[in-house]
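Structure first, then comments.
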Amino acid sequence: MIATKENKATIPAQLEGEFQTLLSKTFSSEPEWLKEKRKEAFDSFCQTGLPTRKNEEYKYTDLKKIFSGNFTAVHNESHALNFIPAPIAEGSIRLVFINGWLHKDSTLSSKLPKGVLIGNLATDGLLKHADFLKKNFSSNEDALSRLNDALWTDGAFVYVPENIRLEIPVEIIHISTGKKELLSSPRHLIIAEKNSSVSIIENNISVDTFAPMIINSQTDIFSGENSNVQYYRLQNDCRNVSLISSTHVKQEKNSHFDTNTITLGNEWTRNNLRIDLEGENCESHLNGLFVTNGTAHTDNHTSVLHNKPNGQSNQLYKGILDGRSTGIFNGKIFVERDAQKTNAYQSSKNILLSDDATINTKPQLEIYADDVKCSHGSSTGKLDEDALFYLRTRGLSEDSARRLLLYAFANDVLNTIKNESLKNYLEELVNERLEK
Amino acid sequence: MLTIKNLHAGISEKEILKGFNLEVKAGEVHAIMGPNGSGKSTLSNVLAGKKEYEVTAGEVKFKGKDLLVMSPEDRAREGLFLAFQYPIEIPGVSNINFLKTAINEIRAYKKMQPIDAKDFLKLVKEKQALVELQVTLANRSVNEGFSGGEKKRNEIFQMAMLEPTLCILDETDSGLDIDALRIVANGVNKLRSKNRSFVVITHYQRLLDYIIPDFVHVMYDGRIVKSGAKELALELEKKGYDWVKEKLAVGSGQ
Amino acid sequence: MADKNEILEEHISSEYKYGWSSDIKMDSAPKGLSEDIVRFISKKKNEPAWMLEWRLKAYRHWLTMKEPHDWAHLEYPKINYQDIIFYAAPKQKKELASLDEVDPELLKTFEKLGISLEEQKRLSGVQSTIAVDAVIDSVSVKTTFKETLSEKGIIFCSFSEAVQEHSELIKKYMGSVVPYTDNYFAALNSAVFTDGSFCYIPKGVRCPMELSTYFRINTAGTGQFERTLIIADEGAYVSYLEGCTAPQRDENQLHAAVVEIVAHKNGEVKYSTVQNWYPGDKEGKGGIYNFVTKRGICLEANSKISWTQVETGSAITWKYPSVILKGDNSIGEFYSVAVTNNHQQADTGTKMIHIGKNTRSTIVSKGISAGVSNNSYRGLVRVSKGATNARNHSQCDSLLIGSTCGAHTFPYIEIKDKSAIVEHEATTSKIGEDQIFYCNQRGIETEKAVSLIVNGYCKEVLNQLPMEFAVEAQKLLAVSLEGSVG
């Protein structure tokens with residue numbers, strides 16, 4: 001589809017040609033169904049274009065600015081990288097991707113339980129499990145997800161079969177690096193079947209990025225009946241990077257899903273997190289923390305869709321904003337007619353440390369069932385002066401009293417992390433960040 | 001006044017009352033005692049007409065009328081009052097407004113004129129003193145922010161205001177300290193008359209030290225298994241409910 | 001307890017109480033909208049050139065705008081503006097010398113509404129005296145108590161009269177809070193408004209009585225576009241009431257009003273609305289489209305503007321009474337009850353824009369949804385940079401009656417000052433079965449129990465209304481929800 005006049009402005013000019021190049025070269029050996037899916041997705045992206053600020057979901061985030069650069073989506077150079085971060089969680093399985101492509105130094109343990117598949121989507125997934133992928137590949141509604149549907153290059157593929165509890169965490173590390181302006185489109189697929197459990201850490205970092213980068217990342221998670229999935233999204237110190245990270249979770253009955261999104265020191269971040277509670281008795285916990293300064297822009301969008309009865313969801317997002325940074329929390333709880341006895345809670349709490357920082361919050365409820373308990377709270381304020389004073393009368397300097405209180409504020413979110421080594425790692429990071 | 005014959009009732013297809021019989025005449029005070037789970041609360045809910053409870057057999061006559069076909073509000077208008085074990089809070093609805101509405105609905109049912117505002121306030125004052133309820137009711141919502149004791153006293157106060165003919169007290173003593181218990185019991189005693197009957201449902205004997213019953217019934221597994229005079233309560237207190245269960249086990253062997 | 005269907009049946013038969021139409025001789029413009037119609041309206045009202053100029057500017061701007069259909073949680077067809085009569089006035093040959101000369105049908109109309117145009121005390125006690133400006137379709141027909149008020153220097157008259165008699169004030173303030181460029185419906189109103197109320201309270205005067213405007217749409221196929229402008233000068237105070245009704249008609253009628261409030265230093269305006277436009281029938285046929293722009297500005301220090309609204313009518317309500325807190329220490333309040341039943345849709349809330357220092361705002365919103373209706377709260381709290389020590393507390397509660405309706409909350413919170421303390425809370429609940437049963441046990445039937453519980457739930461808001469309005473509002477709530485609970 002050719003962009004119409006009206007939306008031309010919101011589709012980066014180079015994309016049309018680059019998509020054709022990718023199809024004929026990079027994606028040429030892919031199965032037909034996938035290429036079809038890519039074309040469909042690209043067409044539908046072109047129909048809407050990039051969402052503008054008139055779109056309620058992008059009211060506070062300007063994509064035009066991000067996509068206005070001279071970036072290219074066509075790239076598959078392998079990078080020699082001296083620096084690969086150490087594992088966060090001890091003994092974890094690591095998959096490393098650079099600019100959307102698998103890095104050869106990924107460490108895969110051979111001692112995986114029977115039936116567990118961990119690898120990359122582009123080769124392991126497509127070569128060995130094409131039929132399976134075809135069945136499980138989903139398309140997403142959001143325009144940016146549609147763009148990823150069309151352009152994705154590679155990413156992690158994690159499959160945990162029925163009744164398997166995978167004790168070792170899986171770390172998916174995405175590194176942005178290089179001197180060229182790139183649009184990278186990593187894509188991860190995580191499937192936890194009935195009665196299984198898995199813990200995923202998705203870590204986005206940047207190393208020696210000398211040109212502005214856009215990452216448009218998509219993660220799809222399928223949490224089967226009675227499964228238990230933990231998904232931690234870390235975004236630390238992505239410099240010169242505009243990170244769009246979309247996650248779509250589908251939960252079947254009696255499943256339990258925990259997620260944390262921790263954003264520290266990024267320059268520009270947009271997180272989409274959508275959870276569909278598609279079976280009865282699902283439980284989801286969504287927690288987030290962002291600590292920003294400079295001119296950072298951090299936008300957290302969540303939507304929790306309660307489609308079936310007896311669901312429980314709980315959201316806690318906290319922000320500490322300094323400098324001229326901007327934070328956004330936009331959360332939506334949607335309760336369908338059938339979803340009686342839903343219990344949904346949402347809380348957004350923020351502290352502004354500077355006169356130039358901005359926070360915009362939009363906690364929303366859309367309720368169509370009557371026998372539900374739904375509530376949200378949002379508060380923005382400064383540190384409790386009485387508490388500060390109290391600490392100072394006990395001998396703390398104003399600085400350390402302030403830091404202590406900020407740390408306590410942030411710790412509410414970190415405390416929800418079940419993986420101990422990850423929690424310790426983040427506690428240290430947050431502490432460091434707050435000292436800056 | 002009240003005749004219950006072979007009442008079978010339950011909730012969510014589970015039968016709880018299994019052939020319950022009781023005859024209460026005007027002016028009598030009946031105590032129903034029994035261990036947890038014997039069906040005491042089910043009985044009060046069925047009599048008041050809570051819709052979750054299903055009556056599967058038997059009949060209940062109240063002043064000669066079939067009670068079971070009546071709506072909960074008509075039962076109340078006919079003179080049945082249930083003092084709830086857990087009185088619910090209704091935010092924003094003032095006690096006074098609530099009571100006035102109730103009284104006038106009952107009066108309308110009896111084809112009487114609405115109560116005069118002055119008379120109403122006089123009545124409130126008078127009856128409030130009866131249960132030593134000192135809270136200023138006008139500004140407070142129904143049961144909202146009331147202590148456990150205040151809630152129970154409020155129930156008895158409402159009872160005094162609505163002037164029912166049959167009062168069912170569902171575990172009114174639970175959660176009350178000894179002073180509150182005395183006050184509530186005194187209130188009830190002052191309301192005793194030859195035209196008004198009471199069914200006092202309780203787990204413990206101590207309430208019956210203050211409200212002296214004419215009859216005591218022991219309830220177990222959904223029916224009355226033993227009836228007697230007020231001394232039965234003391235015996236029960238001494239020997240515990242196991243005594244009844246044991247006797248029952250022996251009895252069922254006959 | 002009665003069967004759900006039975007009660008629904010019953011509700012279906014509960015009728016809109018104000019649904020008659022009066023047989024009053026009308027003087028109307030032809031259907032449709034054009035520059036000529038704008039000129040026609042201006043000419044009919046014998047307006048000065050500057051007024052016509054302003055209207056035309058607004059009209060030309062309106063032509064460049066698009067009817068909003070995207071962001072609100074509302075669904076309505078595109079409105080055909082060529083199918084609406086933009087001017088309809090009761091035929092009057094000359095200025096009326098006394099009430100005796102008013103069309104008796106018209107007087108009857110207001111009697112039915114429960115409004116007396118006779119200058120008498122409505123209830124005992126001086127405080128409850130109300131001065132009324134009655135607007136039927138497009139034109140203000142009678143303002144009472146004018147003389148009493150003018151003794152104190154208070155101006156309370158129809159907007160048309162103010163254009164003629166107080167043009168300096170109109171020129172100074174009209175459009176200063178809601179410019180004609182503000183939004184689609186404000187632009188439309190600015191082009192074609194036909195009348196409304198004007199109120200000016202001079203320095204240091206506390207208005208001794210409630211001022212009130214009753215709006216009624218009568219003629220079929222007309223739109224109503226009134227404008228209200230209220231100014232509280234330094235240290236002045238006024239409490240203003242607004243009531244609205246319309247006859248039952250099968251077609252949708254458009255109401256697009258603009259209300260502007262200006263509060264000067266130490267000035268205070270309390271604006272209360274009981275909105276009961278015809279909501280349409282149980283199938284969702286007919287009813288008023290209520291697209292209203294209401295905004296006040298606390299222009300100078302220590303001023304206060306308070307909005308209270310009870311919204312029970314209209315097929316669609318699109319309304320966000322707002323306060324711009326420009327003066328230091330100024331206060332904005334918004335208390336709202338919105339009830340939707342059957343096919344009604346409401347998207348209503350407020351905007352509190354904090355600009356001055358030490359400004360405070362309070363938002364209390366109670367939404368009640370029944371039938372297959374949708375009820376949304378949409379509100380913005382903005383703390384601008386430099387609005388030191390701004391405080392806001394918002395409480396938005398939704399009550400659902402039955403499981404075929406929807407209740408939604410869309411708060412927008414934008415904060416650019418670190419000293420701000422902004423809190424938002426929202427809950428969703430239903431009427432507890434246990435609460436109803438408790439009332440039943442005390443002899444109160446379900447219908448009445450629901451009305452009792454709903455009124456309790458709304459108490460915080462109803463308490464803000466002047467006595468007479470509070471009673472009317474309580475009754476309206478009961479009528480609106482009749483039969484919605486099984």
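Chain lettering (A, B, ...) mirrors the order of the structure tokens, residue numbering begins at 1 for each chain separately, and ligand numbering begins at 1 in order of display.
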
Quiz prompt | Contact residues around Glu162 of chain A with only C-alpha atoms at 8 Å, ignoring same-chain residues under 5 positions, as a list in words | solution =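 Residues meeting the cut-off are Ala192, Glu193, Lys194, Asn195 and Ser196 of chain A.
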
Those residues you just picked out, can you put them in a file as a PDB file, in the first residue's frame with all heavy atoms?
ATOM      1  N   ALA A 192       5.197 -20.451  27.768  1.00  0.00           N
ATOM      2  CA  ALA A 192       5.227 -21.329  28.935  1.00  0.00           C
ATOM      3  C   ALA A 192       3.949 -22.145  28.914  1.00  0.00           C
ATOM      4  O   ALA A 192       2.856 -21.605  29.071  1.00  0.00           O
ATOM      5  CB  ALA A 192       5.323 -20.503  30.210  1.00  0.00           C
ATOM      6  N   GLU A 193       4.081 -23.435  28.708  1.00  0.00           N
ATOM      7  CA  GLU A 193       2.892 -24.282  28.596  1.00  0.00           C
ATOM      8  C   GLU A 193       2.313 -24.588  29.980  1.00  0.00           C
ATOM      9  O   GLU A 193       2.869 -24.200  31.005  1.00  0.00           O
ATOM     10  CB  GLU A 193       3.239 -25.595  27.868  1.00  0.00           C
ATOM     11  CG  GLU A 193       3.676 -25.396  26.421  1.00  0.00           C
ATOM     12  CD  GLU A 193       2.509 -25.304  25.435  1.00  0.00           C
ATOM     13  OE1 GLU A 193       1.404 -24.895  25.846  1.00  0.00           O
ATOM     14  OE2 GLU A 193       2.717 -25.642  24.261  1.00  0.00           O
ATOM     15  N   LYS A 194       1.222 -25.335  29.961  1.00  0.00           N
ATOM     16  CA  LYS A 194       0.492 -25.717  31.170  1.00  0.00           C
ATOM     17  C   LYS A 194       1.421 -26.198  32.293  1.00  0.00           C
ATOM     18  O   LYS A 194       2.337 -26.985  32.057  1.00  0.00           O
ATOM     19  CB  LYS A 194      -0.464 -26.847  30.779  1.00  0.00           C
ATOM     20  CG  LYS A 194      -1.536 -27.154  31.771  1.00  0.00           C
ATOM     21  CD  LYS A 194      -2.520 -28.128  31.119  1.00  0.00           C
ATOM     22  CE  LYS A 194      -3.374 -28.789  32.182  1.00  0.00           C
ATOM     23  NZ  LYS A 194      -4.268 -29.794  31.578  1.00  0.00           N
ATOM     24  N   ASN A 195       1.168 -25.725  33.496  1.00  0.00           N
ATOM     25  CA  ASN A 195       1.903 -26.132  34.700  1.00  0.00           C
ATOM     26  C   ASN A 195       3.404 -25.875  34.639  1.00  0.00           C
ATOM     27  O   ASN A 195       4.165 -26.489  35.382  1.00  0.00           O
ATOM     28  CB  ASN A 195       1.723 -27.628  35.007  1.00  0.00           C
ATOM     29  CG  ASN A 195       0.276 -27.986  35.231  1.00  0.00           C
ATOM     30  OD1 ASN A 195      -0.482 -27.164  35.753  1.00  0.00           O
ATOM     31  ND2 ASN A 195      -0.117 -29.171  34.832  1.00  0.00           N
ATOM     32  N   SER A 196       3.851 -25.014  33.755  1.00  0.00           N
ATOM     33  CA  SER A 196       5.289 -24.782  33.674  1.00  0.00           C
ATOM     34  C   SER A 196       5.634 -23.485  34.397  1.00  0.00           C
ATOM     35  O   SER A 196       4.752 -22.727  34.788  1.00  0.00           O
ATOM     36  CB  SER A 196       5.726 -24.693  32.215  1.00  0.00           C
ATOM     37  OG  SER A 196       5.226 -23.500  31.654  1.00  0.00           O
TER      38      SER A 196
END

Exercise. Enumerate, as JSON, numbers by chain, the complete set of residues in segment 22-163 of chain B that a backbone-based DSSP assignment places in strand (DSSP E).
Key: {"B": [22, 23, 24, 29, 30, 31, 32, 33, 53, 54, 55, 56, 57, 58, 59, 60, 61, 62, 65, 66, 80, 81, 82, 83, 90, 91, 92, 93, 94, 141, 142]}

I need the chosen residues saved as a short mmCIF file (atom, residue, chain, number, x, y, z; two decimals), in the first residue's frame, with N, CA and C atoms.
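Dumped to out-v1.cif:
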data_model
loop_
_atom_site.label_atom_id
_atom_site.label_comp_id
_atom_site.auth_asym_id
_atom_site.auth_seq_id
_atom_site.Cartn_x
_atom_site.Cartn_y
_atom_site.Cartn_z
N LEU B 22 -40.79 -25.12 65.52
CA LEU B 22 -40.80 -24.20 66.65
C LEU B 22 -42.16 -23.51 66.72
N GLU B 23 -42.64 -23.33 67.94
CA GLU B 23 -43.92 -22.63 68.15
C GLU B 23 -43.65 -21.52 69.16
N VAL B 24 -43.88 -20.29 68.75
CA VAL B 24 -43.66 -19.15 69.64
C VAL B 24 -45.00 -18.44 69.82
N VAL B 29 -40.46 -15.60 75.35
CA VAL B 29 -39.06 -15.45 74.94
C VAL B 29 -38.45 -16.84 74.78
N HIS B 30 -38.03 -17.13 73.57
CA HIS B 30 -37.40 -18.42 73.29
C HIS B 30 -35.91 -18.20 73.02
N ALA B 31 -35.10 -19.00 73.66
CA ALA B 31 -33.67 -18.95 73.35
C ALA B 31 -33.32 -20.15 72.50
N ILE B 32 -32.56 -19.92 71.46
CA ILE B 32 -32.08 -21.04 70.65
C ILE B 32 -30.57 -21.07 70.77
N MET B 33 -30.07 -22.17 71.29
CA MET B 33 -28.63 -22.30 71.49
C MET B 33 -28.13 -23.44 70.63
N TYR B 53 -31.08 -17.95 50.35
CA TYR B 53 -31.48 -19.16 51.05
C TYR B 53 -32.73 -19.74 50.41
N GLU B 54 -32.69 -21.04 50.18
CA GLU B 54 -33.81 -21.67 49.52
C GLU B 54 -34.54 -22.59 50.49
N VAL B 55 -35.85 -22.40 50.55
CA VAL B 55 -36.65 -23.28 51.39
C VAL B 55 -37.14 -24.43 50.53
N THR B 56 -36.83 -25.66 50.95
CA THR B 56 -37.20 -26.81 50.13
C THR B 56 -38.43 -27.54 50.65
N ALA B 57 -38.72 -27.36 51.93
CA ALA B 57 -39.92 -28.01 52.47
C ALA B 57 -40.33 -27.33 53.76
N GLY B 58 -41.54 -27.58 54.17
CA GLY B 58 -42.02 -27.08 55.45
C GLY B 58 -42.79 -25.78 55.32
N GLU B 59 -43.30 -25.28 56.45
CA GLU B 59 -44.04 -24.03 56.39
C GLU B 59 -43.75 -23.16 57.62
N VAL B 60 -43.91 -21.86 57.40
CA VAL B 60 -43.75 -20.91 58.49
C VAL B 60 -44.98 -20.00 58.50
N LYS B 61 -45.68 -20.01 59.60
CA LYS B 61 -46.85 -19.14 59.74
C LYS B 61 -46.50 -18.03 60.72
N PHE B 62 -46.77 -16.80 60.32
CA PHE B 62 -46.52 -15.66 61.19
C PHE B 62 -47.85 -14.92 61.36
N LYS B 65 -50.38 -15.89 58.90
CA LYS B 65 -50.10 -15.74 57.46
C LYS B 65 -48.87 -16.55 57.06
N ASP B 66 -48.83 -16.91 55.78
CA ASP B 66 -47.68 -17.66 55.26
C ASP B 66 -46.51 -16.68 55.11
N LEU B 80 -41.97 -8.37 61.83
CA LEU B 80 -40.82 -9.23 62.12
C LEU B 80 -39.54 -8.38 62.07
N PHE B 81 -38.77 -8.45 63.10
CA PHE B 81 -37.54 -7.66 63.16
C PHE B 81 -36.36 -8.59 63.42
N LEU B 82 -35.35 -8.45 62.58
CA LEU B 82 -34.12 -9.22 62.79
C LEU B 82 -33.00 -8.27 63.21
N ALA B 83 -32.48 -8.52 64.40
CA ALA B 83 -31.28 -7.79 64.81
C ALA B 83 -30.10 -8.58 64.27
N ILE B 90 -24.04 1.60 55.72
CA ILE B 90 -24.55 2.22 54.49
C ILE B 90 -24.03 3.65 54.43
N PRO B 91 -22.93 3.85 53.73
CA PRO B 91 -22.28 5.16 53.72
C PRO B 91 -23.19 6.26 53.19
N GLY B 92 -23.15 7.40 53.84
CA GLY B 92 -23.86 8.57 53.34
C GLY B 92 -25.33 8.63 53.73
N VAL B 93 -25.90 7.52 54.16
CA VAL B 93 -27.31 7.51 54.53
C VAL B 93 -27.41 7.74 56.04
N SER B 94 -28.00 8.87 56.43
CA SER B 94 -28.00 9.16 57.86
C SER B 94 -28.99 8.25 58.58
N SER B 141 -23.86 8.24 59.37
CA SER B 141 -24.46 7.29 58.45
C SER B 141 -24.74 5.98 59.18
N VAL B 142 -25.66 5.21 58.61
CA VAL B 142 -26.08 3.96 59.22
C VAL B 142 -24.88 3.06 59.50
#

Practice problem: Just list the residues in segment 39-240 of chain B DSSP gives alpha helix (DSSP H) on the backbone, as a PyMOL selection string. | Solution: chain B and resi 40-48+72-78+95-109+117-130+148-162+178-191+207-210+231-239

Residues of chain C at most 8 Å from chain B: nearest atom pair and distance in Å, only C-alpha atoms, as JSON lines:
{"residue": "C:Met1", "atom": "CA", "partner": "B:Ser71", "partner_atom": "CA", "distance": 6.1}
{"residue": "C:Asp434", "atom": "CA", "partner": "B:Ile88", "partner_atom": "CA", "distance": 7.1}
{"residue": "C:Gln435", "atom": "CA", "partner": "B:Ile88", "partner_atom": "CA", "distance": 6.4}
{"residue": "C:Phe437", "atom": "CA", "partner": "B:Lys50", "partner_atom": "CA", "distance": 7.0}
{"residue": "C:Tyr438", "atom": "CA", "partner": "B:Ile88", "partner_atom": "CA", "distance": 7.2}
{"residue": "C:Cys439", "atom": "CA", "partner": "B:Ala102", "partner_atom": "CA", "distance": 7.8}
{"residue": "C:Asn440", "atom": "CA", "partner": "B:Glu73", "partner_atom": "CA", "distance": 4.4}
{"residue": "C:Gln441", "atom": "CA", "partner": "B:Ala76", "partner_atom": "CA", "distance": 5.4}
{"residue": "C:Arg442", "atom": "CA", "partner": "B:Ala76", "partner_atom": "CA", "distance": 5.7}
{"residue": "C:Gly443", "atom": "CA", "partner": "B:Glu73", "partner_atom": "CA", "distance": 4.1}
{"residue": "C:Ile444", "atom": "CA", "partner": "B:Ala102", "partner_atom": "CA", "distance": 5.4}
{"residue": "C:Glu445", "atom": "CA", "partner": "B:Glu73", "partner_atom": "CA", "distance": 5.7}
{"residue": "C:Leu452", "atom": "CA", "partner": "B:Val93", "partner_atom": "CA", "distance": 6.7}
{"residue": "C:Ile453", "atom": "CA", "partner": "B:Val93", "partner_atom": "CA", "distance": 6.4}
{"residue": "C:Asn455", "atom": "CA", "partner": "B:Val93", "partner_atom": "CA", "distance": 7.3}
{"residue": "C:Gly456", "atom": "CA", "partner": "B:Gly92", "partner_atom": "CA", "distance": 3.7}
{"residue": "C:Tyr457", "atom": "CA", "partner": "B:Gly92", "partner_atom": "CA", "distance": 5.5}
{"residue": "C:Cys458", "atom": "CA", "partner": "B:Gly92", "partner_atom": "CA", "distance": 7.5}
{"residue": "C:Lys459", "atom": "CA", "partner": "B:Gly92", "partner_atom": "CA", "distance": 5.8}
{"residue": "C:Glu460", "atom": "CA", "partner": "B:Gly92", "partner_atom": "CA", "distance": 8.0}

Those selected residues, please, written with N, CA, C and O atoms and delivered as a short mmCIF file (atom, residue, chain, number, x, y, z; two decimals), in the first residue's frame.
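Result written to result-v3.cif:
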data_model
loop_
_atom_site.label_atom_id
_atom_site.label_comp_id
_atom_site.auth_asym_id
_atom_site.auth_seq_id
_atom_site.Cartn_x
_atom_site.Cartn_y
_atom_site.Cartn_z
N MET C 1 -37.71 -10.22 46.72
CA MET C 1 -37.23 -9.16 45.83
C MET C 1 -37.78 -9.41 44.43
O MET C 1 -37.86 -10.55 43.97
N ASP C 434 -26.39 -6.89 50.36
CA ASP C 434 -26.59 -6.89 51.81
C ASP C 434 -27.18 -5.58 52.30
O ASP C 434 -27.99 -5.56 53.22
N GLN C 435 -26.77 -4.48 51.66
CA GLN C 435 -27.33 -3.19 52.04
C GLN C 435 -28.82 -3.14 51.71
O GLN C 435 -29.63 -2.66 52.51
N PHE C 437 -30.82 -5.70 51.40
CA PHE C 437 -31.52 -6.63 52.29
C PHE C 437 -31.74 -6.01 53.67
O PHE C 437 -32.79 -6.15 54.28
N TYR C 438 -30.72 -5.33 54.15
CA TYR C 438 -30.83 -4.66 55.46
C TYR C 438 -31.99 -3.66 55.45
O TYR C 438 -32.80 -3.63 56.37
N CYS C 439 -32.07 -2.88 54.38
CA CYS C 439 -33.17 -1.92 54.26
C CYS C 439 -34.51 -2.65 54.18
O CYS C 439 -35.48 -2.27 54.83
N ASN C 440 -34.55 -3.73 53.36
CA ASN C 440 -35.78 -4.53 53.25
C ASN C 440 -36.23 -4.99 54.63
O ASN C 440 -37.40 -4.92 54.98
N GLN C 441 -35.27 -5.46 55.41
CA GLN C 441 -35.60 -6.01 56.72
C GLN C 441 -36.17 -4.93 57.64
O GLN C 441 -36.86 -5.20 58.61
N ARG C 442 -35.88 -3.69 57.33
CA ARG C 442 -36.45 -2.62 58.14
C ARG C 442 -37.73 -2.08 57.50
O ARG C 442 -38.20 -1.00 57.83
N GLY C 443 -38.24 -2.82 56.52
CA GLY C 443 -39.53 -2.46 55.93
C GLY C 443 -39.45 -1.56 54.72
O GLY C 443 -40.45 -1.08 54.21
N ILE C 444 -38.23 -1.29 54.23
CA ILE C 444 -38.07 -0.38 53.09
C ILE C 444 -37.94 -1.21 51.81
O ILE C 444 -37.09 -2.08 51.71
N GLU C 445 -38.80 -0.91 50.82
CA GLU C 445 -38.77 -1.73 49.61
C GLU C 445 -37.52 -1.40 48.77
O GLU C 445 -36.89 -0.36 48.94
N LEU C 452 -32.32 5.50 48.42
CA LEU C 452 -31.70 5.91 49.69
C LEU C 452 -30.18 5.74 49.62
O LEU C 452 -29.40 6.63 49.97
N ILE C 453 -29.76 4.59 49.12
CA ILE C 453 -28.33 4.28 49.07
C ILE C 453 -27.62 5.20 48.07
O ILE C 453 -26.54 5.72 48.34
N ASN C 455 -28.58 8.17 47.09
CA ASN C 455 -28.50 9.52 47.65
C ASN C 455 -27.40 9.62 48.70
O ASN C 455 -26.73 10.64 48.80
N GLY C 456 -27.24 8.56 49.46
CA GLY C 456 -26.17 8.53 50.45
C GLY C 456 -24.81 8.59 49.78
O GLY C 456 -23.92 9.33 50.18
N TYR C 457 -24.71 7.83 48.68
CA TYR C 457 -23.47 7.77 47.93
C TYR C 457 -23.10 9.14 47.33
O TYR C 457 -21.94 9.50 47.22
N CYS C 458 -24.12 9.92 47.01
CA CYS C 458 -23.90 11.22 46.37
C CYS C 458 -23.87 12.37 47.37
O CYS C 458 -23.78 13.53 46.98
N LYS C 459 -24.02 12.05 48.62
CA LYS C 459 -24.26 13.07 49.63
C LYS C 459 -23.24 14.22 49.59
O LYS C 459 -23.60 15.39 49.66
N GLU C 460 -21.98 13.84 49.46
CA GLU C 460 -20.92 14.85 49.45
C GLU C 460 -21.19 15.93 48.41
O GLU C 460 -20.85 17.09 48.62
#

Chain C residues near chain A within 9 Å, closest pair each, using only C-alpha atoms, as CSV:
residue,atom,partner,partner_atom,distance
C:Asp70,CA,A:Asn55,CA,8.6
C:Trp71,CA,A:Glu56,CA,6.8
C:Asn374,CA,A:Tyr368,CA,8.7
C:Ser376,CA,A:Glu366,CA,8.4
C:Arg382,CA,A:Asn360,CA,8.9
C:Lys385,CA,A:Asp355,CA,7.3
C:Gly386,CA,A:Asp355,CA,8.0
C:Asp397,CA,A:Ser375,CA,8.8
C:Leu399,CA,A:Asp370,CA,8.1
C:Leu400,CA,A:Asp370,CA,5.3
C:Ile401,CA,A:Asp370,CA,6.7
C:Gly402,CA,A:Asp370,CA,6.0
C:Ser403,CA,A:Asp370,CA,5.0
C:Thr404,CA,A:Tyr368,CA,6.8
C:Cys405,CA,A:Tyr368,CA,5.8
C:Gly406,CA,A:Tyr368,CA,4.3
C:Ala407,CA,A:Ile367,CA,5.1
C:His408,CA,A:Glu366,CA,4.3
C:Thr409,CA,A:Leu365,CA,4.9
C:Phe410,CA,A:Gln364,CA,4.8
C:Pro411,CA,A:Lys362,CA,5.4
C:Tyr412,CA,A:Lys362,CA,4.7
C:Ile413,CA,A:Thr361,CA,4.9
C:Glu414,CA,A:Asn360,CA,4.2
C:Ile415,CA,A:Ile359,CA,5.1
C:Lys416,CA,A:Thr358,CA,4.4
C:Asp417,CA,A:Asp355,CA,5.5
C:Lys418,CA,A:Leu352,CA,4.8
C:Ser419,CA,A:Lys382,CA,6.2
C:Ala420,CA,A:Gly381,CA,5.6
C:Ile421,CA,A:Gly381,CA,4.4
C:Val422,CA,A:Thr380,CA,5.2
C:Glu423,CA,A:Ser379,CA,4.3
C:His424,CA,A:Ser378,CA,5.0
C:Glu425,CA,A:Gly377,CA,4.4
C:Ala426,CA,A:Ser375,CA,5.2
C:Thr427,CA,A:Ser375,CA,4.2
C:Thr428,CA,A:Cys374,CA,5.3
C:Ser429,CA,A:Lys373,CA,6.3
C:Lys430,CA,A:Asp370,CA,5.9

Quiz item: Can you list, as a ChimeraX atom specification, every protein, DNA or RNA residue that comes within 9 Å of Ile190 of chain A when you count only C-alpha atoms, leaving out same-chain residues fewer than 4 positions away?
Solution: /A:156-160,200,219-223

Quiz prompt | Who sits within 7 Å of segment 204-214 of chain B, only C-alpha atoms, same chain under 4 positions skipped, as a list in words | solution =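 What passes the distance filter is Glu28, Val29, His30, Ala31, Asp173, Arg182, Ala185, Asn189, Ala229, Lys230, Ala233, Leu234 and Glu237 of chain B.
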
Selection to disk with C-alpha atoms, as a short mmCIF file (atom, residue, chain, number, x, y, z; two decimals), in the first residue's frame:
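Resulting contents of part_2.cif:
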data_model
loop_
_atom_site.label_atom_id
_atom_site.label_comp_id
_atom_site.auth_asym_id
_atom_site.auth_seq_id
_atom_site.Cartn_x
_atom_site.Cartn_y
_atom_site.Cartn_z
CA GLU B 28 -42.84 -15.56 75.01
CA VAL B 29 -39.06 -15.45 74.94
CA HIS B 30 -37.40 -18.42 73.29
CA ALA B 31 -33.67 -18.95 73.35
CA ASP B 173 -24.14 -10.83 72.36
CA ARG B 182 -25.89 -5.44 80.09
CA ALA B 185 -30.06 -6.80 77.48
CA ASN B 189 -36.02 -6.38 78.65
CA ALA B 229 -36.89 -24.39 80.67
CA LYS B 230 -34.24 -21.75 81.36
CA ALA B 233 -29.06 -23.23 79.37
CA LEU B 234 -27.08 -23.57 82.56
CA GLU B 237 -23.02 -24.23 79.79
#
